[in-house]
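Below is target.pdb, holding PDB, C-alpha atoms.
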```pdb
ATOM      1  CA  MET A 120      18.852  39.929 -22.811
ATOM      2  CA  SER A 121      15.455  39.695 -24.477
ATOM      3  CA  ARG A 122      12.215  40.383 -22.610
ATOM      4  CA  LEU A 123      11.329  36.649 -22.942
ATOM      5  CA  ASN A 124      14.583  35.533 -21.323
ATOM      6  CA  ARG A 125      14.179  38.083 -18.524
ATOM      7  CA  ARG A 126      10.843  36.434 -17.721
ATOM      8  CA  ILE A 127      11.848  32.757 -18.200
ATOM      9  CA  LEU A 128      15.251  32.656 -16.474
ATOM     10  CA  PRO A 129      14.062  33.879 -13.045
ATOM     11  CA  ALA A 130      11.197  31.366 -13.210
ATOM     12  CA  LEU A 131      13.588  28.529 -14.015
ATOM     13  CA  ALA A 132      15.920  29.580 -11.223
ATOM     14  CA  ALA A 133      13.056  29.702  -8.753
ATOM     15  CA  ALA A 134      11.876  26.234  -9.806
ATOM     16  CA  ALA A 135      15.385  24.797  -9.475
ATOM     17  CA  LEU A 136      15.783  26.385  -6.039
ATOM     18  CA  ALA A 137      12.441  24.980  -4.923
ATOM     19  CA  ALA A 138      13.356  21.482  -6.129
ATOM     20  CA  PHE A 139      16.722  21.664  -4.381
ATOM     21  CA  ALA A 140      15.153  22.825  -1.151
ATOM     22  CA  SER A 141      12.336  20.284  -1.180
ATOM     23  CA  ALA A 142      14.539  17.135  -1.447
ATOM     24  CA  PRO A 143      16.320  17.408   1.891
ATOM     25  CA  ALA A 144      13.207  18.820   3.522
ATOM     26  CA  SER A 145      11.221  15.673   2.665
ATOM     27  CA  ALA A 146      13.991  13.477   4.052
ATOM     28  CA  GLN A 147      14.234  15.574   7.197
ATOM     29  CA  SER A 148      10.492  15.366   7.819
ATOM     30  CA  PHE A 149      10.359  11.611   7.232
ATOM     31  CA  PRO A 150       8.177   9.860   8.186
ATOM     32  CA  THR A 151       4.798  11.539   7.912
ATOM     33  CA  ARG A 152       2.575   8.463   7.539
ATOM     34  CA  THR A 153       2.322   4.736   8.212
ATOM     35  CA  ILE A 154       5.269   2.540   7.231
ATOM     36  CA  THR A 155       4.758  -0.996   5.925
ATOM     37  CA  VAL A 156       7.293  -3.732   6.659
ATOM     38  CA  ILE A 157       6.953  -6.812   4.481
ATOM     39  CA  VAL A 158       7.773 -10.183   6.025
ATOM     40  CA  PRO A 159       8.210 -12.741   3.224
ATOM     41  CA  PHE A 160       6.941 -15.622   5.352
ATOM     42  CA  ALA A 161       3.737 -16.642   7.089
ATOM     43  CA  ALA A 162       2.588 -15.026  10.319
ATOM     44  CA  GLY A 163       3.732 -16.735  13.485
ATOM     45  CA  GLY A 164       7.109 -17.941  12.221
ATOM     46  CA  PRO A 165      10.511 -16.879  13.603
ATOM     47  CA  THR A 166      11.051 -14.047  11.116
ATOM     48  CA  ASP A 167       7.532 -12.735  11.680
ATOM     49  CA  THR A 168       8.111 -12.771  15.448
ATOM     50  CA  VAL A 169      11.358 -10.829  15.116
ATOM     51  CA  ALA A 170       9.772  -8.360  12.713
ATOM     52  CA  ARG A 171       6.794  -7.581  14.943
ATOM     53  CA  LEU A 172       8.977  -6.977  17.983
ATOM     54  CA  VAL A 173      11.275  -4.652  16.051
ATOM     55  CA  ALA A 174       8.519  -2.853  14.142
ATOM     56  CA  GLU A 175       6.755  -1.828  17.333
ATOM     57  CA  GLN A 176       9.892  -0.229  18.744
ATOM     58  CA  ILE A 177      10.901   1.426  15.470
ATOM     59  CA  GLY A 178       7.453   2.972  15.241
ATOM     60  CA  ARG A 179       7.832   4.516  18.675
ATOM     61  CA  ASP A 180      11.104   6.184  17.747
ATOM     62  CA  LEU A 181       9.795   7.398  14.377
ATOM     63  CA  GLY A 182       6.489   8.581  15.830
ATOM     64  CA  GLN A 183       4.497   6.669  13.237
ATOM     65  CA  THR A 184       2.651   3.369  12.992
ATOM     66  CA  VAL A 185       4.666   0.513  11.482
ATOM     67  CA  VAL A 186       2.510  -2.326  10.177
ATOM     68  CA  ILE A 187       3.556  -5.841   9.171
ATOM     69  CA  GLU A 188       2.391  -7.344   5.895
ATOM     70  CA  ASN A 189       3.038 -11.059   5.424
ATOM     71  CA  VAL A 190       3.765 -11.893   1.780
ATOM     72  CA  GLY A 191       4.843 -15.524   1.858
ATOM     73  CA  GLY A 192       5.715 -17.935  -0.919
ATOM     74  CA  ALA A 193       8.564 -19.073  -3.148
ATOM     75  CA  GLY A 194      11.119 -19.293  -0.364
ATOM     76  CA  GLY A 195      10.764 -15.650   0.617
ATOM     77  CA  THR A 196      11.278 -14.286  -2.903
ATOM     78  CA  LEU A 197       7.718 -13.010  -3.422
ATOM     79  CA  GLY A 198       7.883 -10.616  -0.493
ATOM     80  CA  ALA A 199      11.400  -9.559  -1.410
ATOM     81  CA  GLN A 200      10.310  -8.824  -4.977
ATOM     82  CA  ARG A 201       7.381  -6.750  -3.699
ATOM     83  CA  THR A 202       9.843  -4.582  -1.781
ATOM     84  CA  ALA A 203      12.420  -4.367  -4.554
ATOM     85  CA  VAL A 204       9.889  -2.828  -6.970
ATOM     86  CA  ALA A 205       8.176  -0.594  -4.375
ATOM     87  CA  ARG A 206       8.533   3.185  -4.423
ATOM     88  CA  PRO A 207      11.908   4.026  -2.826
ATOM     89  CA  ASP A 208      10.628   6.520  -0.277
ATOM     90  CA  GLY A 209      11.166   4.674   3.013
ATOM     91  CA  TYR A 210       7.534   3.685   3.506
ATOM     92  CA  ASN A 211       7.901   0.155   2.106
ATOM     93  CA  LEU A 212      10.515  -1.964   3.874
ATOM     94  CA  LEU A 213      11.528  -5.601   4.172
ATOM     95  CA  ILE A 214      12.692  -7.757   7.068
ATOM     96  CA  HIS A 215      14.283 -10.934   5.765
ATOM     97  CA  HIS A 216      16.609 -13.579   7.162
ATOM     98  CA  ILE A 217      19.720 -15.404   5.929
ATOM     99  CA  GLY A 218      17.807 -16.172   2.729
ATOM    100  CA  MET A 219      18.999 -12.805   1.427
ATOM    101  CA  SER A 220      22.453 -14.413   1.219
ATOM    102  CA  THR A 221      21.362 -17.690  -0.341
ATOM    103  CA  ILE A 222      18.600 -16.591  -2.735
ATOM    104  CA  PRO A 223      21.130 -15.182  -5.278
ATOM    105  CA  THR A 224      22.524 -18.719  -5.695
ATOM    106  CA  LEU A 225      19.502 -20.902  -4.887
ATOM    107  CA  TYR A 226      17.345 -19.139  -7.486
ATOM    108  CA  ARG A 227      18.871 -18.897 -10.940
ATOM    109  CA  ARG A 228      15.902 -17.053 -12.473
ATOM    110  CA  LEU A 229      14.356 -14.167 -10.557
ATOM    111  CA  ALA A 230      12.129 -11.273 -11.591
ATOM    112  CA  TYR A 231      14.169  -8.839  -9.484
ATOM    113  CA  ASP A 232      17.796  -8.130  -8.620
ATOM    114  CA  ALA A 233      18.366 -10.103  -5.409
ATOM    115  CA  VAL A 234      21.489  -8.131  -4.506
ATOM    116  CA  ASN A 235      21.336  -4.671  -6.060
ATOM    117  CA  GLY A 236      17.600  -4.191  -5.637
ATOM    118  CA  PHE A 237      17.905  -3.134  -1.994
ATOM    119  CA  GLU A 238      19.450  -0.627   0.374
ATOM    120  CA  PRO A 239      20.526  -2.401   3.591
ATOM    121  CA  VAL A 240      19.398  -0.489   6.685
ATOM    122  CA  GLY A 241      20.968  -2.601   9.420
ATOM    123  CA  LEU A 242      21.278  -6.048  10.908
ATOM    124  CA  ILE A 243      18.845  -7.013  13.664
ATOM    125  CA  THR A 244      19.797 -10.299  15.279
ATOM    126  CA  GLU A 245      21.494 -13.624  14.715
ATOM    127  CA  VAL A 246      19.476 -16.638  15.873
ATOM    128  CA  PRO A 247      21.666 -19.639  16.809
ATOM    129  CA  MET A 248      21.149 -23.074  15.306
ATOM    130  CA  THR A 249      21.162 -26.415  17.104
ATOM    131  CA  ILE A 250      22.086 -29.879  15.864
ATOM    132  CA  ILE A 251      19.443 -32.280  17.150
ATOM    133  CA  GLY A 252      18.438 -35.895  16.581
ATOM    134  CA  LYS A 253      15.645 -38.290  17.360
ATOM    135  CA  ARG A 254      15.595 -39.439  20.959
ATOM    136  CA  ASN A 255      16.829 -42.995  20.304
ATOM    137  CA  LEU A 256      19.545 -42.175  17.790
ATOM    138  CA  PRO A 257      22.584 -44.334  18.693
ATOM    139  CA  ALA A 258      24.963 -41.419  19.255
ATOM    140  CA  ASN A 259      25.357 -39.917  22.715
ATOM    141  CA  ASN A 260      27.387 -36.845  21.755
ATOM    142  CA  LEU A 261      28.525 -34.924  18.687
ATOM    143  CA  GLN A 262      31.717 -36.928  18.217
ATOM    144  CA  GLU A 263      29.719 -40.148  18.176
ATOM    145  CA  LEU A 264      27.245 -38.534  15.781
ATOM    146  CA  VAL A 265      30.057 -37.568  13.397
ATOM    147  CA  THR A 266      31.309 -41.172  13.471
ATOM    148  CA  LEU A 267      27.791 -42.445  12.829
ATOM    149  CA  VAL A 268      27.017 -40.224   9.833
ATOM    150  CA  ARG A 269      30.398 -40.916   8.256
ATOM    151  CA  ARG A 270      29.801 -44.633   8.587
ATOM    152  CA  GLU A 271      26.148 -44.706   7.543
ATOM    153  CA  GLY A 272      26.099 -41.879   4.966
ATOM    154  CA  GLN A 273      22.793 -41.921   3.108
ATOM    155  CA  GLY A 274      21.454 -44.364   5.650
ATOM    156  CA  ILE A 275      20.920 -41.301   7.879
ATOM    157  CA  ASN A 276      17.872 -39.101   7.195
ATOM    158  CA  LEU A 277      18.306 -35.344   7.611
ATOM    159  CA  ALA A 278      15.046 -33.396   7.820
ATOM    160  CA  ASN A 279      14.533 -29.783   6.779
ATOM    161  CA  ALA A 280      11.640 -27.360   6.395
ATOM    162  CA  GLY A 281      12.049 -27.026   2.623
ATOM    163  CA  VAL A 282      14.615 -25.760   0.139
ATOM    164  CA  GLY A 283      16.019 -22.436   1.287
ATOM    165  CA  ALA A 284      14.796 -22.824   4.858
ATOM    166  CA  ALA A 285      17.264 -22.263   7.682
ATOM    167  CA  SER A 286      17.233 -25.984   8.484
ATOM    168  CA  HIS A 287      18.022 -26.801   4.854
ATOM    169  CA  LEU A 288      20.971 -24.411   4.781
ATOM    170  CA  CYS A 289      22.370 -25.603   8.088
ATOM    171  CA  GLY A 290      22.016 -29.192   6.886
ATOM    172  CA  LEU A 291      23.952 -28.386   3.715
ATOM    173  CA  LEU A 292      26.755 -26.838   5.727
ATOM    174  CA  PHE A 293      26.777 -29.803   8.121
ATOM    175  CA  GLN A 294      27.237 -32.244   5.229
ATOM    176  CA  SER A 295      29.812 -30.037   3.537
ATOM    177  CA  SER A 296      31.851 -29.654   6.730
ATOM    178  CA  LEU A 297      31.991 -33.433   7.245
ATOM    179  CA  ASN A 298      32.291 -34.246   3.536
ATOM    180  CA  VAL A 299      29.340 -36.632   3.740
ATOM    181  CA  GLN A 300      26.102 -37.027   1.814
ATOM    182  CA  LEU A 301      23.016 -37.840   3.846
ATOM    183  CA  THR A 302      19.457 -38.514   2.691
ATOM    184  CA  THR A 303      17.716 -35.156   2.975
ATOM    185  CA  VAL A 304      13.979 -35.145   3.643
ATOM    186  CA  PRO A 305      12.312 -31.797   2.834
ATOM    187  CA  TYR A 306       9.026 -30.896   4.520
ATOM    188  CA  ARG A 307       6.526 -28.111   3.981
ATOM    189  CA  GLY A 308       7.515 -26.220   7.093
ATOM    190  CA  THR A 309       9.301 -26.678  10.394
ATOM    191  CA  GLY A 310       6.277 -28.058  12.254
ATOM    192  CA  PRO A 311       5.877 -31.258  10.221
ATOM    193  CA  ALA A 312       9.643 -31.831  10.164
ATOM    194  CA  MET A 313       9.895 -31.453  13.935
ATOM    195  CA  ASN A 314       6.907 -33.721  14.491
ATOM    196  CA  ASP A 315       8.557 -36.514  12.514
ATOM    197  CA  LEU A 316      11.858 -36.006  14.313
ATOM    198  CA  VAL A 317      10.152 -36.245  17.706
ATOM    199  CA  GLY A 318       8.255 -39.272  16.454
ATOM    200  CA  GLY A 319      11.441 -40.963  15.278
ATOM    201  CA  THR A 320      10.555 -41.052  11.572
ATOM    202  CA  VAL A 321      13.691 -39.089  10.639
ATOM    203  CA  ASP A 322      17.094 -39.037  12.308
ATOM    204  CA  LEU A 323      18.555 -35.538  12.317
ATOM    205  CA  MET A 324      17.742 -31.863  11.948
ATOM    206  CA  CYS A 325      19.630 -28.586  12.287
ATOM    207  CA  ASP A 326      17.337 -25.691  13.139
ATOM    208  CA  GLN A 327      16.929 -22.397  14.977
ATOM    209  CA  THR A 328      16.746 -22.184  18.755
ATOM    210  CA  THR A 329      13.380 -20.465  18.327
ATOM    211  CA  ASN A 330      12.072 -23.814  17.058
ATOM    212  CA  THR A 331      14.146 -26.291  19.078
ATOM    213  CA  THR A 332      14.690 -24.906  22.584
ATOM    214  CA  GLU A 333      11.393 -26.135  24.032
ATOM    215  CA  HIS A 334      11.946 -29.628  22.622
ATOM    216  CA  ILE A 335      15.490 -29.730  23.970
ATOM    217  CA  ARG A 336      14.324 -28.662  27.434
ATOM    218  CA  ALA A 337      11.479 -31.205  27.323
ATOM    219  CA  ASN A 338      13.939 -33.943  26.340
ATOM    220  CA  THR A 339      11.825 -34.976  23.351
ATOM    221  CA  VAL A 340      14.858 -34.767  21.068
ATOM    222  CA  ARG A 341      18.543 -35.437  21.575
ATOM    223  CA  ALA A 342      20.598 -32.238  21.416
ATOM    224  CA  TYR A 343      24.215 -32.426  20.242
ATOM    225  CA  ALA A 344      25.491 -28.875  19.884
ATOM    226  CA  VAL A 345      24.713 -25.212  19.379
ATOM    227  CA  THR A 346      26.345 -23.497  16.409
ATOM    228  CA  THR A 347      27.606 -20.370  18.199
ATOM    229  CA  PRO A 348      31.133 -19.483  19.380
ATOM    230  CA  THR A 349      29.995 -19.588  23.023
ATOM    231  CA  ARG A 350      27.286 -21.442  24.931
ATOM    232  CA  LEU A 351      23.814 -19.982  25.250
ATOM    233  CA  SER A 352      22.405 -18.774  28.552
ATOM    234  CA  SER A 353      19.079 -20.319  27.526
ATOM    235  CA  LEU A 354      20.718 -23.746  27.016
ATOM    236  CA  PRO A 355      23.778 -23.642  29.292
ATOM    237  CA  ASP A 356      24.391 -27.403  29.265
ATOM    238  CA  LEU A 357      24.500 -27.685  25.484
ATOM    239  CA  PRO A 358      28.090 -27.501  24.185
ATOM    240  CA  THR A 359      29.127 -25.521  21.152
ATOM    241  CA  ALA A 360      29.983 -27.468  18.009
ATOM    242  CA  ASN A 361      33.568 -26.336  18.478
ATOM    243  CA  GLU A 362      33.675 -27.788  21.999
ATOM    244  CA  ALA A 363      31.920 -30.981  20.973
ATOM    245  CA  GLY A 364      34.152 -31.991  18.091
ATOM    246  CA  MET A 365      33.393 -29.869  14.996
ATOM    247  CA  PRO A 366      35.883 -26.980  15.112
ATOM    248  CA  GLY A 367      34.786 -23.902  13.181
ATOM    249  CA  PHE A 368      31.225 -25.052  12.574
ATOM    250  CA  GLU A 369      29.341 -21.814  13.166
ATOM    251  CA  VAL A 370      26.088 -20.774  11.552
ATOM    252  CA  SER A 371      23.217 -18.549  12.568
ATOM    253  CA  VAL A 372      20.041 -17.247  11.014
ATOM    254  CA  TRP A 373      20.502 -13.517  10.891
ATOM    255  CA  HIS A 374      17.759 -11.003  10.165
ATOM    256  CA  GLY A 375      18.114  -7.615   8.519
ATOM    257  CA  LEU A 376      16.069  -4.571   7.528
ATOM    258  CA  TYR A 377      16.013  -3.345   3.897
ATOM    259  CA  ALA A 378      14.611  -0.508   1.806
ATOM    260  CA  PRO A 379      14.192  -0.511  -1.995
ATOM    261  CA  ARG A 380      17.196   0.583  -4.027
ATOM    262  CA  GLY A 381      17.222   4.335  -4.562
ATOM    263  CA  THR A 382      15.750   5.234  -1.187
ATOM    264  CA  PRO A 383      17.318   8.584  -0.189
ATOM    265  CA  THR A 384      20.432   8.266   1.957
ATOM    266  CA  GLU A 385      18.936  10.555   4.593
ATOM    267  CA  VAL A 386      15.858   8.324   4.897
ATOM    268  CA  VAL A 387      17.951   5.156   5.180
ATOM    269  CA  ALA A 388      20.037   6.843   7.871
ATOM    270  CA  ARG A 389      16.909   7.852   9.812
ATOM    271  CA  LEU A 390      15.579   4.285   9.634
ATOM    272  CA  SER A 391      18.925   2.954  10.799
ATOM    273  CA  ARG A 392      18.952   5.284  13.810
ATOM    274  CA  ALA A 393      15.450   4.131  14.725
ATOM    275  CA  LEU A 394      16.576   0.503  14.432
ATOM    276  CA  GLN A 395      19.550   1.131  16.702
ATOM    277  CA  VAL A 396      17.278   2.710  19.320
ATOM    278  CA  ALA A 397      14.861  -0.222  19.048
ATOM    279  CA  LEU A 398      17.597  -2.808  19.596
ATOM    280  CA  ARG A 399      18.614  -1.144  22.884
ATOM    281  CA  GLU A 400      15.091  -1.164  24.334
ATOM    282  CA  PRO A 401      15.140  -3.401  27.458
ATOM    283  CA  GLY A 402      11.786  -5.028  26.731
ATOM    284  CA  LEU A 403      12.873  -6.055  23.241
ATOM    285  CA  VAL A 404      16.192  -7.375  24.578
ATOM    286  CA  ARG A 405      14.333  -9.555  27.091
ATOM    287  CA  ARG A 406      11.968 -10.926  24.449
ATOM    288  CA  PHE A 407      14.890 -11.753  22.178
ATOM    289  CA  GLN A 408      16.582 -13.559  25.048
ATOM    290  CA  ASP A 409      13.417 -15.591  25.561
ATOM    291  CA  LEU A 410      13.811 -16.689  21.940
ATOM    292  CA  GLY A 411      17.415 -17.743  22.523
ATOM    293  CA  THR A 412      18.982 -14.777  20.769
ATOM    294  CA  GLU A 413      20.116 -11.177  21.307
ATOM    295  CA  PRO A 414      20.116  -7.958  19.260
ATOM    296  CA  VAL A 415      23.290  -7.301  17.307
ATOM    297  CA  ALA A 416      25.762  -4.736  18.599
ATOM    298  CA  GLN A 417      24.862  -1.159  17.677
ATOM    299  CA  GLU A 418      27.710  -0.789  15.194
ATOM    300  CA  ARG A 419      26.302  -3.703  13.166
ATOM    301  CA  ALA A 420      22.866  -2.099  12.858
ATOM    302  CA  THR A 421      24.143   0.306  10.204
ATOM    303  CA  PRO A 422      23.833   0.276   6.397
ATOM    304  CA  GLU A 423      27.603  -0.026   5.928
ATOM    305  CA  ALA A 424      28.082  -2.925   8.334
ATOM    306  CA  HIS A 425      25.004  -4.677   6.983
ATOM    307  CA  ARG A 426      26.201  -4.406   3.383
ATOM    308  CA  ALA A 427      29.675  -5.740   4.229
ATOM    309  CA  PHE A 428      28.269  -8.680   6.210
ATOM    310  CA  TRP A 429      25.704  -9.504   3.532
ATOM    311  CA  THR A 430      28.285  -9.463   0.734
ATOM    312  CA  ALA A 431      30.607 -11.778   2.661
ATOM    313  CA  ASP A 432      27.751 -14.152   3.523
ATOM    314  CA  ILE A 433      26.689 -14.461  -0.126
ATOM    315  CA  ALA A 434      30.268 -15.483  -0.947
ATOM    316  CA  ARG A 435      30.263 -17.976   1.925
ATOM    317  CA  TRP A 436      27.109 -19.787   0.852
ATOM    318  CA  ARG A 437      27.586 -19.776  -2.922
ATOM    319  CA  PRO A 438      30.095 -22.670  -3.109
ATOM    320  CA  VAL A 439      28.156 -24.719  -0.530
ATOM    321  CA  ILE A 440      24.924 -24.490  -2.536
ATOM    322  CA  GLN A 441      26.630 -25.012  -5.890
ATOM    323  CA  ALA A 442      28.481 -28.078  -4.618
ATOM    324  CA  ALA A 443      25.227 -29.569  -3.326
ATOM    325  CA  GLY A 444      23.480 -28.860  -6.623
ATOM    326  CA  GLN A 445      20.207 -28.248  -4.784
ATOM    327  CA  PHE A 446      18.553 -25.265  -6.445
ATOM    328  CA  ALA A 447      15.070 -23.897  -5.874
ATOM    329  CA  ASP A 448      14.156 -23.409  -9.540
TER     330      ASP A 448
END
```
Would you kindly transcribe this structure into structure tokens?
Amino acid sequence: MSRLNRRILPALAAAALAAFASAPASAQSFPTRTITVIVPFAAGGPTDTVARLVAEQIGRDLGQTVVIENVGGAGGTLGAQRTAVARPDGYNLLIHHIGMSTIPTLYRRLAYDAVNGFEPVGLITEVPMTIIGKRNLPANNLQELVTLVRREGQGINLANAGVGAASHLCGLLFQSSLNVQLTTVPYRGTGPAMNDLVGGTVDLMCDQTTNTTEHIRANTVRAYAVTTPTRLSSLPDLPTANEAGMPGFEVSVWHGLYAPRGTPTEVVARLSRALQVALREPGLVRRFQDLGTEPVAQERATPEAHRAFWTADIARWRPVIQAAGQFAD
């Protein structure tokens, strides 16, 4: 061996050993600074509320500050894109809702990969939906409502908070399940849509319990069903859609935590463990219950379970959206 090789080879070996040793060490020491969680919607909305509750508890387990950054616009795609192109080191995360399942079909032209651009960390919660109508709608229960919409068709107005919103998606599924076509009325947000429903300008809406529970309790709208397999403790008198005459009609707005694609497996696993701890914290459980929901079971707050659920949900929504022909671009 030449003198040059005797000097170069040990140096190369030392560099390779240092690189090998530093990779797991950085993952094991994660995190060492503030983590940012992007919420792709405005502050104060349901997803923002869920994110802030979870971020606080995750930060406690990780021993670092977790801050929320609201990046709204374009149906949640702007914030998602920001995360997808962020450095994959675990310090830039995303909390998004069911839109992660519908965006791949609703948007035919995106500047990022809506499926493969992320590493799922774990599911957080599933918020139930409720089928509600204006107070004087001539249908006293869900069976009568089904008869009414089948008879009137496009004579019935169905409000939603905009294309891609939870109320829009639930409305699509409602029409698809009954094989009817109603007149959909999109609004720029849940607030204006709910105001017109309470005022009697529109007939129907299907939206999250976080938005409808207070109105149902105040009797300012007519509630027909909740879209969960069992009744809710927060609305014990409201039957499930299955009980009330629409067997199998189940839909919820789930929320999940994501990291950019390429984030080290060890970092994703550490984030998932912190999420699982957060979802068992009694204070967070109580706050979720106040919102008409609950944290998912621990085994669902894992990357593997999240990925499987997400993949199946994309397949569920694709034919519904394609059949409706209502795209966001």
Expanded to explicit residues, what is the PyMOL selection byres ((chain A and resi 393) around 12) for this file, as a short mmCIF file (atom, residue, chain, number, x, y, z; two decimals) with C-alpha atoms, in the frame of the given file?
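Output contents, as saved in result_23.cif:
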```cif
data_model
loop_
_atom_site.label_atom_id
_atom_site.label_comp_id
_atom_site.auth_asym_id
_atom_site.auth_seq_id
_atom_site.Cartn_x
_atom_site.Cartn_y
_atom_site.Cartn_z
CA PHE A 149 10.36 11.61 7.23
CA PRO A 150 8.18 9.86 8.19
CA VAL A 173 11.28 -4.65 16.05
CA ALA A 174 8.52 -2.85 14.14
CA GLU A 175 6.76 -1.83 17.33
CA GLN A 176 9.89 -0.23 18.74
CA ILE A 177 10.90 1.43 15.47
CA GLY A 178 7.45 2.97 15.24
CA ARG A 179 7.83 4.52 18.68
CA ASP A 180 11.10 6.18 17.75
CA LEU A 181 9.80 7.40 14.38
CA GLY A 182 6.49 8.58 15.83
CA GLN A 183 4.50 6.67 13.24
CA VAL A 185 4.67 0.51 11.48
CA VAL A 240 19.40 -0.49 6.68
CA GLY A 241 20.97 -2.60 9.42
CA ILE A 243 18.84 -7.01 13.66
CA LEU A 376 16.07 -4.57 7.53
CA VAL A 386 15.86 8.32 4.90
CA VAL A 387 17.95 5.16 5.18
CA ALA A 388 20.04 6.84 7.87
CA ARG A 389 16.91 7.85 9.81
CA LEU A 390 15.58 4.28 9.63
CA SER A 391 18.92 2.95 10.80
CA ARG A 392 18.95 5.28 13.81
CA LEU A 394 16.58 0.50 14.43
CA GLN A 395 19.55 1.13 16.70
CA VAL A 396 17.28 2.71 19.32
CA ALA A 397 14.86 -0.22 19.05
CA LEU A 398 17.60 -2.81 19.60
CA ARG A 399 18.61 -1.14 22.88
CA GLU A 400 15.09 -1.16 24.33
CA GLN A 417 24.86 -1.16 17.68
CA ALA A 420 22.87 -2.10 12.86
CA THR A 421 24.14 0.31 10.20
#
```
Restricting the calculation to only C-alpha atoms: of A:Arg435, A:His287, A:His215, A:Arg270, which residue gets closest to Gly375 of chain A?
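Among the listed residues, the smallest separation from Gly375 of chain A belongs to A:His215.
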Distance of atom CA of Leu277 of chain A from atom CA of Gly198 of chain A, expressed in Å to one decimal place
28.0 Å
Find the residues around Ala161 of chain A up to 10 Å (only C-alpha atoms counted), leave out those fewer than 5 positions away in its own chain, and share them as a PyMOL selection string.
chain A and resi 166-167+188-192+195
Name the closest residue to Ala285 of chain A among the candidates A:Ala205, A:Val299, A:Leu256, A:Val372; distances are taken between atoms, counting all atoms listed in the file.
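Of the candidates, the smallest distance to Ala285 of chain A is held by A:Val372.
If you measure from each of A:Gly281, A:Arg380, A:Leu323, A:Pro159 to Ala258 of chain A using all atoms listed in the file, the closest one turns out to be A:Leu323.
With distances restricted to all atoms listed in the file, A:Pro247 is the closest residue to Pro348 of chain A from A:Ala434, A:Ile154, A:Leu301, A:Pro247.
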Apply the PyMOL selection byres ((chain A and resi 321) around 12) to the file shown and report the selected residues as an MDAnalysis selection string.
chainID A and resid 251:256 274:279 301:306 311:320 322:324 340
Students should find that atom CA of Ala447 of chain A and atom CA of Arg228 of chain A are spaced 9.5 Å
Nearby residues, (5.9, 2.6, 2.9) file frame, 7 Å, all atoms listed in the file, as a PyMOL selection string
chain A and resi 153-155+208-212
Close residues, Ile250 of chain A itself excluded, 12 Å, only C-alpha atoms, min 2 positions apart in chain, as a compact mmCIF listing (two decimals) with C-alpha atoms, keeping the file's coordinate frame:
```
# COMPACT_ATOMS: atom_id res chain seq x y z
CA PRO A 247 21.67 -19.64 16.81
CA MET A 248 21.15 -23.07 15.31
CA GLY A 252 18.44 -35.90 16.58
CA LYS A 253 15.64 -38.29 17.36
CA ASN A 260 27.39 -36.84 21.76
CA LEU A 261 28.52 -34.92 18.69
CA LEU A 264 27.24 -38.53 15.78
CA VAL A 265 30.06 -37.57 13.40
CA LEU A 277 18.31 -35.34 7.61
CA ALA A 278 15.05 -33.40 7.82
CA ASN A 279 14.53 -29.78 6.78
CA SER A 286 17.23 -25.98 8.48
CA CYS A 289 22.37 -25.60 8.09
CA GLY A 290 22.02 -29.19 6.89
CA LEU A 292 26.76 -26.84 5.73
CA PHE A 293 26.78 -29.80 8.12
CA ASP A 322 17.09 -39.04 12.31
CA LEU A 323 18.56 -35.54 12.32
CA MET A 324 17.74 -31.86 11.95
CA CYS A 325 19.63 -28.59 12.29
CA ASP A 326 17.34 -25.69 13.14
CA GLN A 327 16.93 -22.40 14.98
CA THR A 328 16.75 -22.18 18.76
CA ASN A 330 12.07 -23.81 17.06
CA THR A 331 14.15 -26.29 19.08
CA THR A 332 14.69 -24.91 22.58
CA ILE A 335 15.49 -29.73 23.97
CA VAL A 340 14.86 -34.77 21.07
CA ARG A 341 18.54 -35.44 21.58
CA ALA A 342 20.60 -32.24 21.42
CA TYR A 343 24.22 -32.43 20.24
CA ALA A 344 25.49 -28.88 19.88
CA VAL A 345 24.71 -25.21 19.38
CA THR A 346 26.34 -23.50 16.41
CA THR A 347 27.61 -20.37 18.20
CA LEU A 357 24.50 -27.68 25.48
CA PRO A 358 28.09 -27.50 24.18
CA THR A 359 29.13 -25.52 21.15
CA ALA A 360 29.98 -27.47 18.01
CA ALA A 363 31.92 -30.98 20.97
CA MET A 365 33.39 -29.87 15.00
CA PHE A 368 31.22 -25.05 12.57
CA GLU A 369 29.34 -21.81 13.17
CA VAL A 370 26.09 -20.77 11.55
CA SER A 371 23.22 -18.55 12.57
```
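With all atoms listed in the file as the atoms that count, the minimum distance from Gln200 of chain A to the choices A:Val186, A:Leu172, A:Ala230, A:Leu403 is reached by A:Ala230.
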